[in-house]
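Trainee: Once you've had a glance at the structure underneath, I'll fire off some questions.
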Amino acid sequence: MDAAFQQLMQLLLNGIAVGCIYAIMAISVQLAYETTGVVNFATGQLVMIGAVVGASFALSGRLGVGEIYVMTLASMVAIGLVFAVTVYWPLQSRSISTVVIGTIAVGIFLQNIALIFFGPLPAKGFSPVGDSVLNILGVVVPAHTLFASAATFILIGGLYCLLHYTSIGIQMRAIAQDVEVARLMGIRTTLVLAFTWALTWVFAGIGGLLLAPLWLVDVDVGDSVALKAFAAAIIGGFGSIPGAIVGGLLVGLNETLSAAYISTKYKDVLVFGLMIAFLLFKPRGIFGESVNERG
Amino acid sequence: MGARLGGILVLGALLAMALQAPAARADDEIVIGAALPITGPFAGSGLQTYQGLQLAEHDINAAGGINGKKIRFQVEDTQASNSVAINAFLKLERQNAPFIFLSSFTVQNLATEPEVRKAKVPVMYAGGGVAIAERKNPYMFRIRANDRLRAAAAAESVISVLKKKKVAIINVQDQYGTAAAEQLKKDLAAAGIAVVAVETHGIRDTDFAPQLLNIKNSGAEAIVAFAYIRDAGLMIKQRRSLGLTNIAFVSVSSVNEDSMLELVTLPDLENIIGVADAVLGQANPNGPRSVQFVKDFIERFKVPPDGFGSVYYDGAMIVAEALKKVGPDREKIREYLAGLKDYQGVTGSFSTAANGDMLHRLSIVEYIPGTKDVRVIKDVFDNK
């Protein structure tokens, strides 16, 4: 294979893998926004908690692969429900900005809690497929990169089916359209919202588990990637699940390709420049829906 | 009513924090300040510096303290922020600390330098930037080799150890990385070695594939990396993932730091050498003292010390000697440190040069096959 083409293939694979992580995080943002109207600024810290909890279970050396994933995601469900009970419901009758500030406070709180229990030093992440590297026609790919990309697409497919073909998903979409009308229609909105928050945390937790082996684990790991996830959500269209996927992949590929072919110094400028261009000229993003189309 | 009561409680708590007096200082203790990054992306080295001071505090007090008084190191967190670093220094200075330790980050040291000059309090710092010493602040003493020597050692690694002719540089995009890379380019050019690629990265970047692939395409035979601990670990892992272990890698600074080595596996370390701030234990010129230090450090903190932990330990011991001889007087401590000659610490030999630099040696090291331990290939000295 020609060296330049080989490099392009390598970069595309890397960009897609990075983009998948951003997409998972963007979906976590979208889920919360779609159903509750809240932009969750603690998303980066949610991802960090998933990575840190997973790494802690792995470091304990007492759990198998499946157990680590199940225990981590169960922890995320539990923390998500605690968040809903202690932050979202007490604040939901206040202005939306109050709830948003609440999410920022939760993010700071989580980061400090993680610092106390996990410490400031980075640690290796844990991958179910180990740290082996595959060579496909001269393009080298860590096995975990393939696992993370496949897991992302399976999860997104699963989420699509959940939202469109299950009772709870249809209820979530009804609430997204109008929570009061949904309540009058007999939907148990409290239960569905609790489920949504738990799902939001689970998606963020999966993002953390998937990124940990690629980018290491520490209490700041979610900070920089959260900004990219928001960029992905804005580019793809705030409130759109397909938008989160396309936005995530666009951000990941933009970052990787611009760093290789334009300048590593300006790769973030290019990513956020693209985001600003969308905000100026296409504020609803690629797949963004107007309010009367939601649901 | 509940909300009002909550508001009053929060206000009360904030007032209590704002009015909180500095930690009580007993008459029988001397409090030394330390403004260090113990949280945030610099915490990897910050924690070691803190632990070095903690161990020194224990050892000094166990040996009778400072003329009958106990010593205590009061730490303020600088995080990764210059403004937080300045505030941490000012807080310690206002508490009349006779001496203050600053962090090992050049940008923080540079930001704090004007305040040090105004306060006339002697400080030790470990940022390697040449620009700090160029400010000729008589109150600032560097307990770590400077970045000019670091670049010279990196050049020596390529020229006489690896014997490579085509070199790529990858550096963190900050004062340390940029200045060190520039110096290395000059040193290599002087030796007729071609720099075929220069790549940069941001602190906490996640994907180094674009830089590493550009380096691969440049035909480089060796990579010299100026990167912080986490970034260096990630870069080394991704180098192997991309199948680039055939290109020799020179890791500057973090090569034998435990917090970096924890992040990588043995196969990741193939074809890697590095520039180490300190080689501790039996291989150190002050062998028995260094061995004891490593043993005590591991016993206390359950991790081995690195070059940051050891130089801050040595710095604390030097300050303790100064306090014993001249008392807690800022000007007299400054004079004592300015005249220091051949202090034998656990890291190496400390002598203060005219520009305030106290440590003048770096080691080029390689990994002992099958282990993450290093052995010295060659020492590099500056001409103090």
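Convention: chains lettered A, B, ... in structure tokens order; per-chain residue numbering from 1; ligands numbered from 1 as shown.
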Quick one: residues within 12 Å of Trp89 of chain A, only C-alpha atoms counted, chain neighbours fewer than 2 positions away excluded, as a PyMOL selection string?

Mentor: chain A and resi 36+38+81-87+91-94+98-99+102+189-191+193-194+197

Trainee: Dump as a list in words the residues of chain B that approach chain A to within 6 Å, counting only C-alpha atoms.

Mentor: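 Listed by rising number, the hits are Thr39, Ala43, Gly44, Thr206, Pro210, Ser241, Leu242 and Leu263 of chain B.
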
Trainee: Would you save the residues from that selection as an mmCIF file, in the first residue's frame, using N, CA and C atoms?

Mentor:
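Saved the output as again-v2.cif:
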```cif
data_model
loop_
_atom_site.group_PDB
_atom_site.id
_atom_site.type_symbol
_atom_site.label_atom_id
_atom_site.label_comp_id
_atom_site.auth_asym_id
_atom_site.auth_seq_id
_atom_site.Cartn_x
_atom_site.Cartn_y
_atom_site.Cartn_z
ATOM 1 N N THR B 39 -3.004 19.234 42.862
ATOM 2 C CA THR B 39 -4.157 18.764 42.091
ATOM 3 C C THR B 39 -3.978 19.254 40.656
ATOM 4 N N ALA B 43 -0.162 17.457 38.858
ATOM 5 C CA ALA B 43 -0.099 16.806 40.172
ATOM 6 C C ALA B 43 0.849 15.619 40.206
ATOM 7 N N GLY B 44 1.132 15.041 39.035
ATOM 8 C CA GLY B 44 2.025 13.881 38.994
ATOM 9 C C GLY B 44 3.358 14.184 39.640
ATOM 10 N N THR B 206 -4.933 13.938 23.639
ATOM 11 C CA THR B 206 -5.280 12.528 23.771
ATOM 12 C C THR B 206 -4.779 11.674 22.613
ATOM 13 N N PRO B 210 -1.346 11.750 14.775
ATOM 14 C CA PRO B 210 -0.934 12.641 13.677
ATOM 15 C C PRO B 210 0.541 13.030 13.770
ATOM 16 N N SER B 241 1.552 1.284 19.663
ATOM 17 C CA SER B 241 0.309 0.924 18.969
ATOM 18 C C SER B 241 0.419 1.171 17.473
ATOM 19 N N LEU B 242 1.178 2.203 17.091
ATOM 20 C CA LEU B 242 1.321 2.536 15.673
ATOM 21 C C LEU B 242 2.471 1.772 15.022
ATOM 22 N N LEU B 263 2.122 3.841 33.789
ATOM 23 C CA LEU B 263 1.156 3.956 32.691
ATOM 24 C C LEU B 263 1.489 3.082 31.499
#
```

Trainee: Which residues in segment 115-240 of chain B does DSSP call strand (DSSP E)? List them as a ChimeraX atom specification.

Mentor: /B:123-125,140-142,166-172,194-201,222-226

Trainee: Please determine, counting only C-alpha atoms, which residue among B:Ala322, B:Ala56, B:Val346, B:Ala278 has the shortest atom-to-atom distance to Gln292 of chain B.

Mentor: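 Looking at the shortest contact to Gln292 of chain B, the residue is B:Val346.
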
Trainee: Just want the 9 Å neighbourhood of Ala338 of chain B, counted on only C-alpha atoms, with same-chain residues fewer than 3 positions away dropped. Output as a PDB file with C-alpha atoms, in the first residue's frame.

Mentor:
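What landed in around.pdb:
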```
ATOM      1  CA  PRO B 138      18.981  36.918  43.934  1.00  0.00           C
ATOM      2  CA  TYR B 139      16.218  35.291  46.008  1.00  0.00           C
ATOM      3  CA  PHE B 141      17.515  29.176  43.801  1.00  0.00           C
ATOM      4  CA  ILE B 333      19.113  32.349  54.591  1.00  0.00           C
ATOM      5  CA  ARG B 334      19.493  33.900  51.121  1.00  0.00           C
ATOM      6  CA  GLU B 335      23.160  34.659  51.823  1.00  0.00           C
ATOM      7  CA  LYS B 341      29.262  24.594  47.951  1.00  0.00           C
ATOM      8  CA  SER B 351      26.660  24.070  44.601  1.00  0.00           C
ATOM      9  CA  THR B 352      25.108  27.457  43.976  1.00  0.00           C
ATOM     10  CA  ALA B 353      26.245  29.162  40.778  1.00  0.00           C
ATOM     11  CA  ALA B 354      26.066  32.911  40.185  1.00  0.00           C
ATOM     12  CA  GLY B 356      21.161  30.625  41.376  1.00  0.00           C
TER      13      GLY B 356
END
```

Trainee: Taking 4 positions as the minimum chain separation for residues in the same chain, which residues sit within 10 Å of Gly65 of chain B when counting only C-alpha atoms? Answer as a ChimeraX atom specification.

Mentor: /B:28-30,57-61,69-72,320,324

Trainee: From the options A:Leu63, A:Met275, A:Ala204, A:Ala114, which residue's atoms come nearest to Ile234 of chain A, counting only C-alpha atoms?

Mentor: A:Met275

Trainee: To test your reading of the structure, identify every residue in segment 88-129 of chain A that backbone DSSP assigns to helix (DSSP H, G or I), and report it as a ChimeraX atom specification.

Mentor: /A:88-91,96-118
